[in-house]
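Below is one structure; the comments refer to it alone.
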Amino acid sequence: MQIWVDADACPKVIKEILFRASQRLSLPMFLVANQPIAVPAVAHIKSVQVASGFDVADNYIVQNLKKGDLVITADIPLADEVIDAGGHALNPRGELYTKDNIKERLMMRDFMSDLRGSGVHTGGPAALTQKDRQVFANALDRFLAKHYQP
């Protein structure tokens, strides 16, 4: 198993939690972005810079992940593709996307997009709180305890 991070929009504090988990377990991790991303000088943590463009990083992740890999992303369409490819998707707030909940999340995302397109101001996501960070760290630990066998 490997961890893939949709790194362009991933908050720094979440990356730091991921770095610690990857180092603790010697778990391979790839941060994919269209800009340079600083990573610790550890052999199993890599930064992958892709070309700029719509969904280039997402496509790279989907094309390179293997069944059972974990992808960290807040991008619901990417999470849907990951699940379809046999991977797992966890968002930076600690919500694990599954076959049971991803279609509902996609419908809500599309609904909110339609509202914004019609001029309704829906606001953006709230800033990550210390509680959100803890929820993510706990969700990551539970996932790794269940799915990662070194």
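Please note that chains go A, B, ... in the order of the structure tokens, that every chain numbers its residues from 1, and that ligands are numbered from 1 in the order shown.
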
Worksheet item: Hey, what does DSSP flag as helix (DSSP H, G or I) within region 17-139 of chain A? Can you give it to me as a VMD selection string?
Response: chain A and resid 17 to 25 56 to 64 76 to 84 102 to 117 130 to 139

Selection above as a file: N, CA and C atoms, as a compact mmCIF listing (two decimals), in the first residue's frame:
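Output (selection.txt):
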```
# COMPACT_ATOMS: atom_id res chain seq x y z
N ILE A 17 1.05 15.77 9.40
CA ILE A 17 0.53 14.54 10.01
C ILE A 17 0.87 13.34 9.14
N LEU A 18 0.70 13.49 7.83
CA LEU A 18 1.01 12.42 6.88
C LEU A 18 2.50 12.09 6.88
N PHE A 19 3.36 13.11 6.93
CA PHE A 19 4.80 12.87 6.97
C PHE A 19 5.16 12.01 8.19
N ARG A 20 4.60 12.38 9.34
CA ARG A 20 4.91 11.63 10.57
C ARG A 20 4.45 10.17 10.46
N ALA A 21 3.24 9.96 9.93
CA ALA A 21 2.73 8.59 9.79
C ALA A 21 3.58 7.79 8.80
N SER A 22 3.93 8.40 7.68
CA SER A 22 4.75 7.73 6.67
C SER A 22 6.11 7.35 7.24
N GLN A 23 6.72 8.28 7.98
CA GLN A 23 8.03 8.00 8.56
C GLN A 23 7.95 6.92 9.63
N ARG A 24 6.92 6.98 10.47
CA ARG A 24 6.76 6.02 11.55
C ARG A 24 6.63 4.59 11.01
N LEU A 25 5.92 4.44 9.87
CA LEU A 25 5.64 3.12 9.32
C LEU A 25 6.51 2.76 8.11
N VAL A 56 -4.73 17.59 -14.06
CA VAL A 56 -3.50 16.88 -14.41
C VAL A 56 -2.99 16.06 -13.22
N ALA A 57 -2.98 16.67 -12.04
CA ALA A 57 -2.53 15.94 -10.85
C ALA A 57 -3.49 14.79 -10.52
N ASP A 58 -4.78 15.05 -10.63
CA ASP A 58 -5.78 14.01 -10.37
C ASP A 58 -5.58 12.83 -11.31
N ASN A 59 -5.40 13.12 -12.59
CA ASN A 59 -5.21 12.05 -13.58
C ASN A 59 -3.95 11.25 -13.29
N TYR A 60 -2.88 11.93 -12.87
CA TYR A 60 -1.63 11.24 -12.55
C TYR A 60 -1.87 10.25 -11.39
N ILE A 61 -2.57 10.72 -10.38
CA ILE A 61 -2.84 9.85 -9.22
C ILE A 61 -3.64 8.63 -9.65
N VAL A 62 -4.73 8.84 -10.37
CA VAL A 62 -5.59 7.73 -10.79
C VAL A 62 -4.83 6.75 -11.67
N GLN A 63 -3.98 7.25 -12.56
CA GLN A 63 -3.24 6.37 -13.46
C GLN A 63 -2.16 5.56 -12.75
N ASN A 64 -1.68 6.04 -11.59
CA ASN A 64 -0.56 5.38 -10.92
C ASN A 64 -0.92 4.64 -9.64
N ILE A 76 -13.93 15.65 -4.58
CA ILE A 76 -14.90 14.56 -4.58
C ILE A 76 -14.90 13.78 -5.90
N PRO A 77 -14.82 14.43 -7.07
CA PRO A 77 -14.72 13.63 -8.29
C PRO A 77 -13.47 12.73 -8.32
N LEU A 78 -12.35 13.24 -7.81
CA LEU A 78 -11.14 12.40 -7.72
C LEU A 78 -11.40 11.23 -6.78
N ALA A 79 -12.00 11.48 -5.64
CA ALA A 79 -12.30 10.40 -4.69
C ALA A 79 -13.16 9.33 -5.35
N ASP A 80 -14.13 9.75 -6.15
CA ASP A 80 -14.99 8.81 -6.86
C ASP A 80 -14.17 7.92 -7.81
N GLU A 81 -13.25 8.53 -8.55
CA GLU A 81 -12.41 7.76 -9.47
C GLU A 81 -11.50 6.79 -8.71
N VAL A 82 -10.98 7.25 -7.57
CA VAL A 82 -10.11 6.41 -6.74
C VAL A 82 -10.87 5.18 -6.26
N ILE A 83 -12.08 5.38 -5.78
CA ILE A 83 -12.89 4.27 -5.30
C ILE A 83 -13.21 3.31 -6.45
N ASP A 84 -13.55 3.87 -7.61
CA ASP A 84 -13.82 3.01 -8.78
C ASP A 84 -12.60 2.19 -9.18
N ILE A 102 -20.06 8.09 -1.57
CA ILE A 102 -19.45 8.97 -2.57
C ILE A 102 -20.47 9.54 -3.56
N LYS A 103 -21.45 8.77 -3.96
CA LYS A 103 -22.44 9.28 -4.93
C LYS A 103 -23.26 10.41 -4.32
N GLU A 104 -23.61 10.28 -3.04
CA GLU A 104 -24.33 11.35 -2.34
C GLU A 104 -23.47 12.62 -2.27
N ARG A 105 -22.18 12.45 -1.99
CA ARG A 105 -21.27 13.60 -1.92
C ARG A 105 -21.15 14.27 -3.30
N LEU A 106 -21.11 13.46 -4.35
CA LEU A 106 -21.04 14.01 -5.72
C LEU A 106 -22.31 14.80 -6.04
N MET A 107 -23.48 14.26 -5.68
CA MET A 107 -24.73 14.97 -5.94
C MET A 107 -24.78 16.30 -5.19
N MET A 108 -24.34 16.31 -3.94
CA MET A 108 -24.33 17.55 -3.15
C MET A 108 -23.34 18.55 -3.74
N ARG A 109 -22.19 18.07 -4.18
CA ARG A 109 -21.20 18.95 -4.81
C ARG A 109 -21.79 19.59 -6.06
N ASP A 110 -22.43 18.78 -6.89
CA ASP A 110 -23.03 19.30 -8.12
C ASP A 110 -24.16 20.29 -7.83
N PHE A 111 -24.95 19.99 -6.81
CA PHE A 111 -26.03 20.89 -6.41
C PHE A 111 -25.47 22.25 -5.98
N MET A 112 -24.42 22.22 -5.15
CA MET A 112 -23.80 23.47 -4.68
C MET A 112 -23.18 24.23 -5.85
N SER A 113 -22.59 23.52 -6.79
CA SER A 113 -22.02 24.15 -7.98
C SER A 113 -23.12 24.83 -8.79
N ASP A 114 -24.26 24.17 -8.94
CA ASP A 114 -25.39 24.77 -9.65
C ASP A 114 -25.87 26.03 -8.94
N LEU A 115 -25.93 26.00 -7.61
CA LEU A 115 -26.34 27.19 -6.86
C LEU A 115 -25.38 28.34 -7.10
N ARG A 116 -24.08 28.05 -7.02
CA ARG A 116 -23.09 29.09 -7.25
C ARG A 116 -23.20 29.63 -8.67
N GLY A 117 -23.46 28.74 -9.63
CA GLY A 117 -23.61 29.14 -11.03
C GLY A 117 -24.81 30.04 -11.26
N GLN A 130 -8.20 22.86 15.28
CA GLN A 130 -7.41 21.84 15.97
C GLN A 130 -8.20 20.54 16.07
N LYS A 131 -9.50 20.65 16.29
CA LYS A 131 -10.35 19.45 16.35
C LYS A 131 -10.36 18.73 15.01
N ASP A 132 -10.45 19.48 13.89
CA ASP A 132 -10.41 18.87 12.55
C ASP A 132 -9.11 18.10 12.34
N ARG A 133 -8.01 18.69 12.78
CA ARG A 133 -6.71 18.03 12.64
C ARG A 133 -6.68 16.71 13.41
N GLN A 134 -7.24 16.75 14.62
CA GLN A 134 -7.27 15.55 15.45
C GLN A 134 -8.17 14.49 14.84
N VAL A 135 -9.31 14.91 14.30
CA VAL A 135 -10.22 13.97 13.64
C VAL A 135 -9.51 13.31 12.46
N PHE A 136 -8.77 14.11 11.66
CA PHE A 136 -8.03 13.54 10.53
C PHE A 136 -6.98 12.55 11.02
N ALA A 137 -6.18 12.95 12.00
CA ALA A 137 -5.11 12.07 12.51
C ALA A 137 -5.70 10.76 13.03
N ASN A 138 -6.81 10.83 13.75
CA ASN A 138 -7.44 9.61 14.26
C ASN A 138 -7.96 8.73 13.13
N ALA A 139 -8.60 9.35 12.13
CA ALA A 139 -9.13 8.59 10.99
C ALA A 139 -7.99 7.93 10.22
```

Item to complete: Step one, run DSSP on the backbone; step two, keep only residues of region 13-135 of chain A assigned to strand (DSSP E or B); then write them as a VMD selection string.
Response: chain A and resid 29 to 33 45 to 49 70 to 72 88 to 90 96 to 97

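The shell of residues at most 8 Å from Met1 (chain A), with only C-alpha atoms counted and near chain neighbours (fewer than 6 positions) removed, consists of Leu27, Pro28, Lys66, Gly68, Asp69, Leu70 and Tyr148 of chain A.
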
Discussion item. Using only C-alpha atoms, which protein or nucleic acid residues come within 9 Å of Pro11 (chain A)? Drop anything in the same chain fewer than 5 positions from it, and give the result as a ChimeraX atom specification.
Written reply: /A:16,92,128

Next, the residues of the selection above should be written as an mmCIF file, in the first residue's frame with C-alpha atoms.
```cif
data_model
loop_
_atom_site.group_PDB
_atom_site.id
_atom_site.type_symbol
_atom_site.label_atom_id
_atom_site.label_comp_id
_atom_site.auth_asym_id
_atom_site.auth_seq_id
_atom_site.Cartn_x
_atom_site.Cartn_y
_atom_site.Cartn_z
ATOM 1 C CA GLU A 16 2.790 17.187 8.464
ATOM 2 C CA PRO A 92 -8.346 16.331 5.105
ATOM 3 C CA LEU A 128 -9.304 23.703 9.698
#
```

Worksheet item: In Å to one decimal, how far is CA of Leu96 (chain A) from CA of Phe143 (chain A)?
Response: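 Separation of CA of Phe143 (chain A) and CA of Leu96 (chain A): 8.8 Å.
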
Fill in: Distance query Asp8 (chain A) at most 8 Å, only C-alpha atoms, self and fewer than 2 positions along chain excluded, as a PyMOL selection string
chain A and resi 6+10+32-35

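Relative to CA of Ser26 (chain A), CA of Ile45 (chain A) is found at 8.9 Å.
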